[in-house]
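Asker: CSV, C-alpha atoms, saved as query15.csv, coming up:
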```
chain,number,residue,atom,x,y,z
A,1,MET,CA,68.9,-19.8,-33.1
A,2,MET,CA,65.8,-21.9,-33.7
A,3,LYS,CA,65.0,-22.0,-30.0
A,4,ARG,CA,65.2,-18.3,-29.8
A,5,ARG,CA,62.7,-17.8,-32.7
A,6,ILE,CA,60.3,-20.3,-31.2
A,7,ALA,CA,60.5,-18.5,-27.8
A,8,ALA,CA,60.0,-15.1,-29.5
A,9,ARG,CA,56.9,-16.3,-31.3
A,10,ILE,CA,55.4,-17.8,-28.1
A,11,GLY,CA,56.1,-14.6,-26.3
A,12,ALA,CA,54.4,-12.6,-29.1
A,13,MET,CA,51.4,-14.8,-29.0
A,14,ILE,CA,51.1,-14.4,-25.2
A,15,VAL,CA,51.3,-10.6,-25.5
A,16,ALA,CA,48.7,-10.6,-28.3
A,17,GLY,CA,46.4,-12.8,-26.3
A,18,ALA,CA,46.7,-10.6,-23.3
A,19,MET,CA,45.9,-7.5,-25.3
A,20,ILE,CA,42.8,-9.2,-26.7
A,21,LEU,CA,41.6,-10.1,-23.2
A,22,ILE,CA,42.3,-6.5,-22.0
A,23,GLY,CA,40.4,-5.1,-25.0
A,24,VAL,CA,37.5,-7.4,-24.4
A,25,GLY,CA,37.4,-6.5,-20.7
A,26,CYS,CA,37.5,-2.8,-21.5
A,27,HIS,CA,34.6,-2.8,-23.9
A,28,HIS,CA,32.2,-5.4,-22.4
A,29,LYS,CA,29.3,-3.9,-20.6
A,30,THR,CA,27.1,-5.6,-18.0
A,31,VAL,CA,23.4,-5.3,-17.4
A,32,ASP,CA,24.1,-3.0,-14.5
A,33,ASP,CA,26.2,-0.8,-16.7
A,34,TYR,CA,23.3,-0.4,-19.2
A,35,LEU,CA,20.7,0.1,-16.5
A,36,ALA,CA,22.9,2.8,-14.9
A,37,GLU,CA,23.2,4.5,-18.3
A,38,GLY,CA,19.5,4.4,-18.9
A,39,ASP,CA,18.8,5.7,-15.4
A,40,THR,CA,21.1,8.6,-16.0
A,41,ASP,CA,19.4,9.4,-19.3
A,42,MET,CA,16.0,9.2,-17.6
A,43,GLN,CA,17.2,11.8,-15.0
A,44,THR,CA,18.1,14.2,-17.8
A,45,THR,CA,15.0,13.3,-19.8
A,46,GLN,CA,17.0,11.9,-22.7
A,47,LEU,CA,14.3,9.3,-23.2
A,48,PRO,CA,15.4,7.8,-26.6
A,49,GLN,CA,18.9,7.2,-25.2
A,50,ALA,CA,17.4,5.6,-22.1
A,51,GLU,CA,15.3,3.2,-24.2
A,52,VAL,CA,18.4,2.2,-26.2
A,53,ALA,CA,20.3,1.5,-23.0
A,54,TYR,CA,17.5,-0.5,-21.4
A,55,LEU,CA,17.0,-2.5,-24.6
A,56,GLU,CA,20.7,-3.4,-24.6
A,57,ALA,CA,20.3,-4.6,-21.1
A,58,GLU,CA,17.4,-6.7,-22.1
A,59,LYS,CA,19.5,-8.4,-24.8
A,60,ILE,CA,22.0,-9.5,-22.2
A,61,ALA,CA,19.5,-10.5,-19.5
A,62,PRO,CA,15.9,-10.9,-20.8
A,63,ASN,CA,14.9,-12.6,-17.6
A,64,ASP,CA,16.1,-9.9,-15.3
A,65,PRO,CA,12.9,-8.2,-13.9
A,66,ARG,CA,14.8,-4.9,-13.3
A,67,VAL,CA,15.2,-4.5,-17.1
A,68,HIS,CA,11.4,-4.7,-17.7
A,69,ILE,CA,10.6,-2.5,-14.7
A,70,ALA,CA,12.9,0.1,-16.1
A,71,LEU,CA,11.3,-0.1,-19.6
A,72,GLY,CA,7.8,-0.1,-18.0
A,73,ASN,CA,8.6,3.0,-16.1
A,74,LEU,CA,10.0,4.7,-19.2
A,75,TYR,CA,6.9,3.9,-21.2
A,76,VAL,CA,4.7,5.2,-18.4
A,77,PHE,CA,6.7,8.5,-18.5
A,78,GLU,CA,6.3,8.6,-22.3
A,79,LYS,CA,2.5,8.0,-21.9
A,80,LYS,CA,2.6,4.6,-23.8
A,81,PRO,CA,0.4,2.6,-21.5
A,82,GLY,CA,0.2,-0.4,-23.9
A,83,ASP,CA,4.0,-0.8,-24.0
A,84,ALA,CA,4.3,-0.2,-20.3
A,85,GLN,CA,1.6,-2.9,-19.6
A,86,ILE,CA,3.6,-5.4,-21.7
A,87,GLU,CA,6.8,-4.8,-19.7
A,88,PHE,CA,5.0,-5.0,-16.3
A,89,MET,CA,3.4,-8.3,-17.4
A,90,LYS,CA,6.8,-9.6,-18.2
A,91,VAL,CA,8.0,-8.7,-14.7
A,92,LEU,CA,5.1,-10.6,-13.2
A,93,GLU,CA,5.8,-13.7,-15.4
A,94,ILE,CA,9.3,-13.7,-14.0
A,95,ASP,CA,8.5,-12.6,-10.4
A,96,PRO,CA,4.8,-13.1,-9.6
A,97,LYS,CA,5.3,-11.9,-6.0
A,98,ASN,CA,6.5,-8.4,-7.0
A,99,ALA,CA,3.9,-6.4,-5.2
A,100,ALA,CA,5.2,-3.0,-6.5
A,101,THR,CA,4.7,-4.1,-10.1
A,102,HIS,CA,1.2,-5.3,-9.3
A,103,VAL,CA,0.5,-1.7,-8.1
A,104,ALA,CA,2.2,-0.2,-11.2
A,105,LEU,CA,0.0,-2.3,-13.4
A,106,GLY,CA,-3.1,-1.4,-11.3
A,107,ASN,CA,-2.3,2.2,-11.8
A,108,LEU,CA,-2.2,1.7,-15.6
A,109,TYR,CA,-5.6,0.0,-15.6
A,110,LYS,CA,-7.1,2.7,-13.3
A,111,ASP,CA,-5.9,5.5,-15.6
A,112,GLN,CA,-7.6,3.7,-18.5
A,113,ASN,CA,-10.8,3.4,-16.4
A,114,GLN,CA,-10.4,-0.4,-16.3
A,115,ARG,CA,-11.3,-0.5,-12.6
A,116,GLY,CA,-12.0,-4.2,-12.3
A,117,LEU,CA,-8.6,-5.1,-13.6
A,118,ALA,CA,-7.0,-2.4,-11.4
A,119,GLU,CA,-8.8,-3.8,-8.4
A,120,ASN,CA,-7.4,-7.3,-9.1
A,121,GLN,CA,-3.9,-6.0,-9.2
A,122,TYR,CA,-4.2,-3.9,-6.0
A,123,ARG,CA,-5.7,-6.9,-4.2
A,124,ALA,CA,-2.7,-9.0,-5.3
A,125,ALA,CA,-0.4,-6.4,-3.9
A,126,VAL,CA,-2.3,-6.2,-0.6
A,127,ALA,CA,-2.2,-10.0,-0.3
A,128,LEU,CA,1.6,-10.0,-0.9
A,129,GLU,CA,2.4,-7.1,1.4
A,130,PRO,CA,-0.5,-6.5,3.8
A,131,ASP,CA,1.5,-4.1,6.0
A,132,ARG,CA,1.8,-1.5,3.3
A,133,ASP,CA,-0.7,1.2,4.1
A,134,ASN,CA,-0.4,2.8,0.6
A,135,TYR,CA,-1.5,-0.5,-1.1
A,136,HIS,CA,-4.7,-0.5,1.0
A,137,LEU,CA,-5.3,3.1,0.1
A,138,ASP,CA,-4.9,2.4,-3.6
A,139,LEU,CA,-7.3,-0.5,-3.3
A,140,GLY,CA,-9.8,1.6,-1.3
A,141,GLU,CA,-9.8,4.4,-3.9
A,142,VAL,CA,-10.5,2.1,-6.9
A,143,LEU,CA,-13.3,0.4,-4.9
A,144,LYS,CA,-14.8,3.7,-4.2
A,145,GLN,CA,-14.7,4.5,-7.9
A,146,GLU,CA,-16.5,1.2,-8.5
A,147,GLY,CA,-19.2,2.2,-6.1
A,148,LYS,CA,-18.2,-0.5,-3.5
A,149,MET,CA,-18.4,2.0,-0.7
A,150,ALA,CA,-18.3,-0.4,2.3
A,151,ALA,CA,-15.3,-2.4,1.0
A,152,ALA,CA,-13.6,0.9,0.1
A,153,GLU,CA,-14.1,2.3,3.6
A,154,ASP,CA,-12.7,-0.9,5.1
A,155,GLN,CA,-9.5,-0.7,3.1
A,156,ILE,CA,-9.0,3.0,3.8
A,157,ARG,CA,-9.6,2.5,7.5
A,158,THR,CA,-7.0,-0.3,7.4
A,159,ALA,CA,-4.6,2.1,5.8
A,160,ILE,CA,-5.2,4.6,8.6
A,161,GLY,CA,-4.8,1.8,11.2
A,162,LEU,CA,-1.4,1.0,9.7
A,163,ASN,CA,-0.3,4.7,9.5
A,164,PRO,CA,-2.6,7.0,11.7
A,165,LYS,CA,-0.6,10.1,10.7
A,166,ASP,CA,-1.2,9.7,6.9
A,167,ALA,CA,-3.2,12.8,6.1
A,168,LYS,CA,-4.0,11.6,2.6
A,169,ALA,CA,-5.7,8.5,4.0
A,170,HIS,CA,-7.8,10.6,6.3
A,171,LEU,CA,-8.7,12.9,3.3
A,172,ALA,CA,-9.7,9.8,1.3
A,173,LEU,CA,-11.9,8.7,4.2
A,174,ALA,CA,-13.4,12.1,4.6
A,175,ASN,CA,-14.3,12.4,0.9
A,176,LEU,CA,-15.8,8.9,0.9
A,177,LEU,CA,-18.0,9.7,4.0
A,178,ALA,CA,-19.1,13.0,2.5
A,179,LEU,CA,-20.7,11.0,-0.4
A,180,GLU,CA,-22.9,9.0,2.0
A,181,PRO,CA,-26.2,10.3,3.4
A,182,GLY,CA,-26.2,11.0,7.1
A,183,ARG,CA,-22.4,10.8,7.6
A,184,GLN,CA,-21.4,14.5,7.1
A,185,ALA,CA,-20.5,14.8,10.8
A,186,GLU,CA,-18.0,11.9,10.4
A,187,ALA,CA,-16.7,13.4,7.2
A,188,ASN,CA,-16.1,16.8,8.9
A,189,ALA,CA,-14.2,15.1,11.8
A,190,GLU,CA,-11.9,13.5,9.2
A,191,PHE,CA,-11.5,16.8,7.4
A,192,ASP,CA,-10.5,18.3,10.8
A,193,GLU,CA,-7.9,15.6,11.2
A,194,VAL,CA,-6.5,16.4,7.7
A,195,ARG,CA,-6.2,20.1,8.7
A,196,ALA,CA,-4.3,19.1,11.8
A,197,LEU,CA,-1.9,16.7,10.0
A,198,ASP,CA,-1.3,18.6,6.8
A,199,ALA,CA,-3.3,21.7,6.2
A,200,LYS,CA,-1.9,22.1,2.7
A,201,LEU,CA,-4.1,19.2,1.5
A,202,MET,CA,-7.2,21.3,2.2
A,203,PRO,CA,-8.1,24.2,-0.1
A,204,ALA,CA,-7.5,27.6,1.5
A,205,PRO,CA,-10.6,29.7,2.5
A,206,ALA,CA,-11.6,32.0,-0.3
A,207,PRO,CA,-10.6,35.7,0.0
A,208,ALA,CA,-13.2,38.4,-0.6
A,209,ALA,CA,-14.6,38.6,-4.1
A,210,THR,CA,-12.1,40.1,-6.5
A,211,ALA,CA,-12.5,41.2,-10.1
A,212,ALA,CA,-15.7,40.6,-11.9
A,213,ALA,CA,-16.0,37.1,-13.4
A,214,ALA,CA,-16.3,36.4,-17.1
A,215,ALA,CA,-19.6,37.1,-18.7
A,216,ALA,CA,-22.0,34.3,-19.5
A,217,GLU,CA,-21.3,32.4,-22.7
A,218,PRO,CA,-23.6,30.5,-25.1
A,219,ALA,CA,-24.2,26.9,-24.2
A,220,GLU,CA,-21.9,24.3,-25.9
A,221,PRO,CA,-23.4,21.4,-27.8
A,222,GLY,CA,-24.4,18.6,-25.4
A,223,VAL,CA,-24.1,20.7,-22.3
A,224,MET,CA,-27.2,21.2,-20.1
A,225,PRO,CA,-28.4,24.8,-19.7
A,226,PRO,CA,-27.3,26.4,-16.4
A,227,PRO,CA,-29.7,26.6,-13.5
A,228,ALA,CA,-30.8,29.8,-11.9
A,229,PRO,CA,-27.9,31.3,-9.9
A,230,ALA,CA,-27.9,29.8,-6.4
A,231,THR,CA,-28.7,31.9,-3.4
A,232,THR,CA,-26.2,31.3,-0.6
A,233,THR,CA,-25.8,32.7,2.9
A,234,ALA,CA,-22.6,34.6,3.5
A,235,SER,CA,-20.7,33.6,6.6
A,236,ALA,CA,-20.7,37.0,8.2
A,237,PRO,CA,-24.1,38.1,9.7
A,238,GLY,CA,-25.8,40.7,7.5
A,239,ALA,CA,-23.3,40.2,4.6
A,240,ALA,CA,-24.7,40.1,1.1
A,241,ALA,CA,-25.0,36.8,-0.7
A,242,PRO,CA,-22.1,36.2,-3.2
A,243,GLN,CA,-22.8,37.4,-6.7
A,244,ILE,CA,-22.6,34.4,-9.1
A,245,LYS,CA,-22.0,35.0,-12.7
A,246,PRO,CA,-23.6,32.3,-14.8
A,247,LEU,CA,-21.4,30.1,-17.1
A,248,ASN,CA,-22.2,27.1,-19.2
A,249,LYS,CA,-18.8,25.3,-19.8
A,250,LEU,CA,-17.1,22.0,-19.5
A,251,PHE,CA,-13.8,22.3,-17.5
A,252,LEU,CA,-11.1,19.6,-17.3
A,253,LEU,CA,-10.0,19.3,-13.7
A,254,THR,CA,-6.2,19.4,-12.9
A,255,LYS,CA,-6.6,18.5,-9.2
A,256,ASN,CA,-8.8,16.5,-6.9
A,257,SER,CA,-11.2,18.6,-4.9
A,258,PRO,CA,-14.0,18.4,-2.4
A,259,VAL,CA,-17.3,20.0,-3.5
A,260,TYR,CA,-18.5,22.5,-1.0
A,261,GLN,CA,-22.1,23.5,-0.3
A,262,ASN,CA,-21.2,27.2,-0.4
A,263,PRO,CA,-18.2,29.0,-2.0
A,264,ASP,CA,-16.3,28.7,1.3
A,265,ALA,CA,-14.0,25.9,2.4
A,266,ALA,CA,-15.5,26.1,5.9
A,267,SER,CA,-18.9,25.1,4.6
A,268,SER,CA,-20.2,21.5,4.4
A,269,THR,CA,-18.7,19.1,1.9
A,270,ILE,CA,-21.3,17.5,-0.4
A,271,GLY,CA,-19.1,15.5,-2.7
A,272,GLU,CA,-15.8,15.1,-4.5
A,273,VAL,CA,-14.5,15.6,-8.0
A,274,ARG,CA,-11.2,14.1,-9.4
A,275,ARG,CA,-8.5,15.3,-11.7
A,276,LYS,CA,-8.5,14.5,-15.4
A,277,LYS,CA,-12.4,14.5,-15.3
A,278,TYR,CA,-14.7,17.1,-16.9
A,279,VAL,CA,-17.1,19.0,-14.7
A,280,HIS,CA,-20.1,21.1,-15.8
A,281,VAL,CA,-19.5,24.6,-14.6
A,282,THR,CA,-22.6,26.7,-14.2
A,283,GLY,CA,-21.2,29.8,-12.6
A,284,ILE,CA,-18.3,31.6,-11.0
A,285,THR,CA,-18.0,33.7,-7.9
A,286,GLY,CA,-14.7,35.0,-6.6
A,287,ASP,CA,-12.2,32.1,-6.4
A,288,TYR,CA,-14.9,29.4,-6.7
A,289,LEU,CA,-16.6,27.7,-9.6
A,290,GLN,CA,-20.2,26.6,-9.2
A,291,ILE,CA,-20.6,23.1,-10.7
A,292,ARG,CA,-23.5,20.7,-11.2
A,293,LEU,CA,-22.8,17.1,-10.2
A,294,LYS,CA,-24.1,14.1,-12.2
A,295,ASN,CA,-26.9,13.6,-9.6
A,296,GLY,CA,-28.1,17.2,-10.2
A,297,THR,CA,-26.6,18.7,-7.0
A,298,THR,CA,-25.1,22.1,-7.2
A,299,GLY,CA,-21.9,22.9,-5.3
A,300,PHE,CA,-18.6,24.8,-5.4
A,301,ILE,CA,-15.0,24.0,-6.0
A,302,PRO,CA,-11.9,26.3,-5.9
A,303,VAL,CA,-10.9,27.8,-9.3
A,304,ALA,CA,-7.5,26.3,-8.7
A,305,ALA,CA,-8.8,22.8,-9.2
A,306,ALA,CA,-9.4,23.6,-12.9
A,307,GLU,CA,-6.3,25.7,-13.6
```
Translate the structure described by the file into structure tokens.

Answerer:
Amino acid sequence: MMKRRIAARIGAMIVAGAMILIGVGCHHKTVDDYLAEGDTDMQTTQLPQAEVAYLEAEKIAPNDPRVHIALGNLYVFEKKPGDAQIEFMKVLEIDPKNAATHVALGNLYKDQNQRGLAENQYRAAVALEPDRDNYHLDLGEVLKQEGKMAAAEDQIRTAIGLNPKDAKAHLALANLLALEPGRQAEANAEFDEVRALDAKLMPAPAPAATAAAAAAEPAEPGVMPPPAPATTTASAPGAAAPQIKPLNKLFLLTKNSPVYQNPDAASSTIGEVRRKKYVHVTGITGDYLQIRLKNGTTGFIPVAAAE
């Protein structure tokens, strides 16, 4: 009888132990589980839930770079550059040779106009993966913003050499050349290359003038008074010059755009303006805004660049 009781107790203990192990196995989540949950939440823009999942993953594996990359990307999406920077720096502490994270950190610095820091990160990425054409292009763009035109051209041409069919690289080179005196013919050749590779990157030619533009408005504080309306030559022989309604406004650009000499995409390019920057708009004609650049030059950009 005693032996039976002992055997029964041992059996019960074994069953209970097995149940505990099964329960633990069912409820224990791995880093991959939490990362997958966070990624799913990101795809459905449930950002608070995604952060919770990623933070749980961090508790389990604080030295897993994937966790900090996920958190960094989340904070970039939430427009929290300070938090994103912290996470990307953690990645580089763990994995200094992570080129993609150097680029991500460079993008953060560039968006905050910290171009020297951005340049350093892009150079690190290029050194680690010199065959990536997009890394050379990123470096070239920030060098151009710093006014280092020769170095920028070298990087952009390297990008084109690695990927000759990259229309964006040809456009970057065209925009750079258009800013330099005496190189308009080279710039136009690059613009032609862009049209051949991906015409959608180039603004469409403006249609005939449509409805009358908005009337002139009073100058805003701190904005220079508008110049006299420019006189331009219409493309068709004998056609009347476009009627430019004067304006005096600051517009925030939503797209990068070449600056044309005339309100016509077929005219010469005299500069470039970039998204998230303000431009001084001095007039409007048809589908083009007349703008004044910082050097005093007057040119035209499509209205779509400021919509």

Asker: Skipping near chain neighbours, those fewer than 2 positions away, what residues fall within 9 Å of A:Gly72 using only C-alpha atoms, listed as a list in words?

Answerer: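 Listing them by chain and then by number gives Val67, His68, Ile69, Ala70, Leu74, Tyr75, Val76, Phe77, Pro81, Asp83, Ala84, Gln85, Ile86, Glu87, Phe88 and Ala104 of chain A.
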
Asker: Rounded to one decimal, what separation in Å do you get between atom CA of A:Gln145 and atom CA of A:Glu119?

Answerer: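 Between atom CA of A:Gln145 and atom CA of A:Glu119 the gap is 10.2 Å.
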
Asker: Can you list, as JSON, numbers by chain, every protein, DNA or RNA residue that comes within 12 Å of A:Ile301 when you count all atoms listed in the file, leaving out same-chain residues fewer than 2 positions away?

Answerer: {"A": [202, 203, 204, 205, 206, 251, 253, 255, 256, 257, 258, 259, 260, 261, 262, 263, 264, 265, 267, 268, 269, 270, 271, 272, 273, 274, 279, 280, 281, 282, 283, 284, 285, 286, 287, 288, 289, 290, 291, 292, 293, 298, 299, 303, 304, 305, 306, 307]}

Asker: Residues near A:Lys165, anyone? I mean within 10 Å using all atoms listed in the file, not counting same-chain ones fewer than 5 positions away, as a list in words.

Answerer: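 My list of contacting residues is Ile160, His170, Glu193, Val194, Ala196, Leu197 and Asp198 of chain A.
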
Asker: Restricting it to C-alpha atoms, dump the selection as a PDB file, in the frame of the given file.

Answerer:
```pdb
ATOM      1  CA  ILE A 160      -5.200   4.600   8.600  1.00  0.00           C
ATOM      2  CA  HIS A 170      -7.800  10.600   6.300  1.00  0.00           C
ATOM      3  CA  GLU A 193      -7.900  15.600  11.200  1.00  0.00           C
ATOM      4  CA  VAL A 194      -6.500  16.400   7.700  1.00  0.00           C
ATOM      5  CA  ALA A 196      -4.300  19.100  11.800  1.00  0.00           C
ATOM      6  CA  LEU A 197      -1.900  16.700  10.000  1.00  0.00           C
ATOM      7  CA  ASP A 198      -1.300  18.600   6.800  1.00  0.00           C
TER       8      ASP A 198
END
```

Asker: Select, from A:Leu108, A:Ala172, A:Ala124, A:Leu47, the residue with the minimum atom-to-atom distance to A:Pro96, counting only C-alpha atoms.

Answerer: A:Ala124

Asker: For atom CA of A:Lys144 and atom CA of A:Asn98, quote the distance in Å rounded to one decimal.

Answerer: 24.7 Å

Asker: What lies within 9 Å of A:Ala152 using all atoms listed in the file, ignoring chain neighbours under 5 positions off, as an MDAnalysis selection string?

Answerer: chainID A and resid 137 139:145 147 157 173 176

Asker: Residues at most 7 Å from A:Leu252, counting all atoms listed in the file, excluding those fewer than 2 positions away in the same chain, as a count of residues only?

Answerer: 7

Asker: Name the closest residue to A:Tyr135 among the candidates A:Met42, A:Ala169, A:Val52, A:Leu177; distances are taken between atoms, counting all atoms listed in the file.

Answerer: A:Ala169

Asker: Which of these, A:Ala199, A:Ile60, A:Asn73, A:Asn175, has the shortest distance to A:Asp39 once you count all atoms listed in the file?

Answerer: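 Smallest separation from A:Asp39 among the options: A:Asn73.
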
Asker: What is the distance between atom CA of A:Pro65 and atom CA of A:Asp111, in Å to one decimal?

Answerer: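 Value for the atom CA of A:Pro65-atom CA of A:Asp111 distance: 23.3 Å.
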
Asker: As AutoDock Vina command-line options, please: the centre and edge lengths in Å, to one decimal, of an axis-aligned box enclosing every listed atom of stretch 178-189 of chain A with 5 Å added on each side.

Answerer:
```
--center_x -20.2 --center_y 12.9 --center_z 5.7 --size_x 22.0 --size_y 17.8 --size_z 22.2
```

Asker: Please, which residues are within 12 Å of (1.7, -3.0, 5.0) by the file's coordinates, counting all atoms listed in the file, and could they come as a PDB file with C-alpha atoms, in the frame of the given file?

Answerer:
```pdb
ATOM      1  CA  ALA A  99       3.900  -6.400  -5.200  1.00  0.00           C
ATOM      2  CA  ALA A 125      -0.400  -6.400  -3.900  1.00  0.00           C
ATOM      3  CA  VAL A 126      -2.300  -6.200  -0.600  1.00  0.00           C
ATOM      4  CA  ALA A 127      -2.200 -10.000  -0.300  1.00  0.00           C
ATOM      5  CA  LEU A 128       1.600 -10.000  -0.900  1.00  0.00           C
ATOM      6  CA  GLU A 129       2.400  -7.100   1.400  1.00  0.00           C
ATOM      7  CA  PRO A 130      -0.500  -6.500   3.800  1.00  0.00           C
ATOM      8  CA  ASP A 131       1.500  -4.100   6.000  1.00  0.00           C
ATOM      9  CA  ARG A 132       1.800  -1.500   3.300  1.00  0.00           C
ATOM     10  CA  ASP A 133      -0.700   1.200   4.100  1.00  0.00           C
ATOM     11  CA  ASN A 134      -0.400   2.800   0.600  1.00  0.00           C
ATOM     12  CA  TYR A 135      -1.500  -0.500  -1.100  1.00  0.00           C
ATOM     13  CA  HIS A 136      -4.700  -0.500   1.000  1.00  0.00           C
ATOM     14  CA  LEU A 137      -5.300   3.100   0.100  1.00  0.00           C
ATOM     15  CA  GLN A 155      -9.500  -0.700   3.100  1.00  0.00           C
ATOM     16  CA  THR A 158      -7.000  -0.300   7.400  1.00  0.00           C
ATOM     17  CA  ALA A 159      -4.600   2.100   5.800  1.00  0.00           C
ATOM     18  CA  ILE A 160      -5.200   4.600   8.600  1.00  0.00           C
ATOM     19  CA  GLY A 161      -4.800   1.800  11.200  1.00  0.00           C
ATOM     20  CA  LEU A 162      -1.400   1.000   9.700  1.00  0.00           C
ATOM     21  CA  ASN A 163      -0.300   4.700   9.500  1.00  0.00           C
TER      22      ASN A 163
END
```
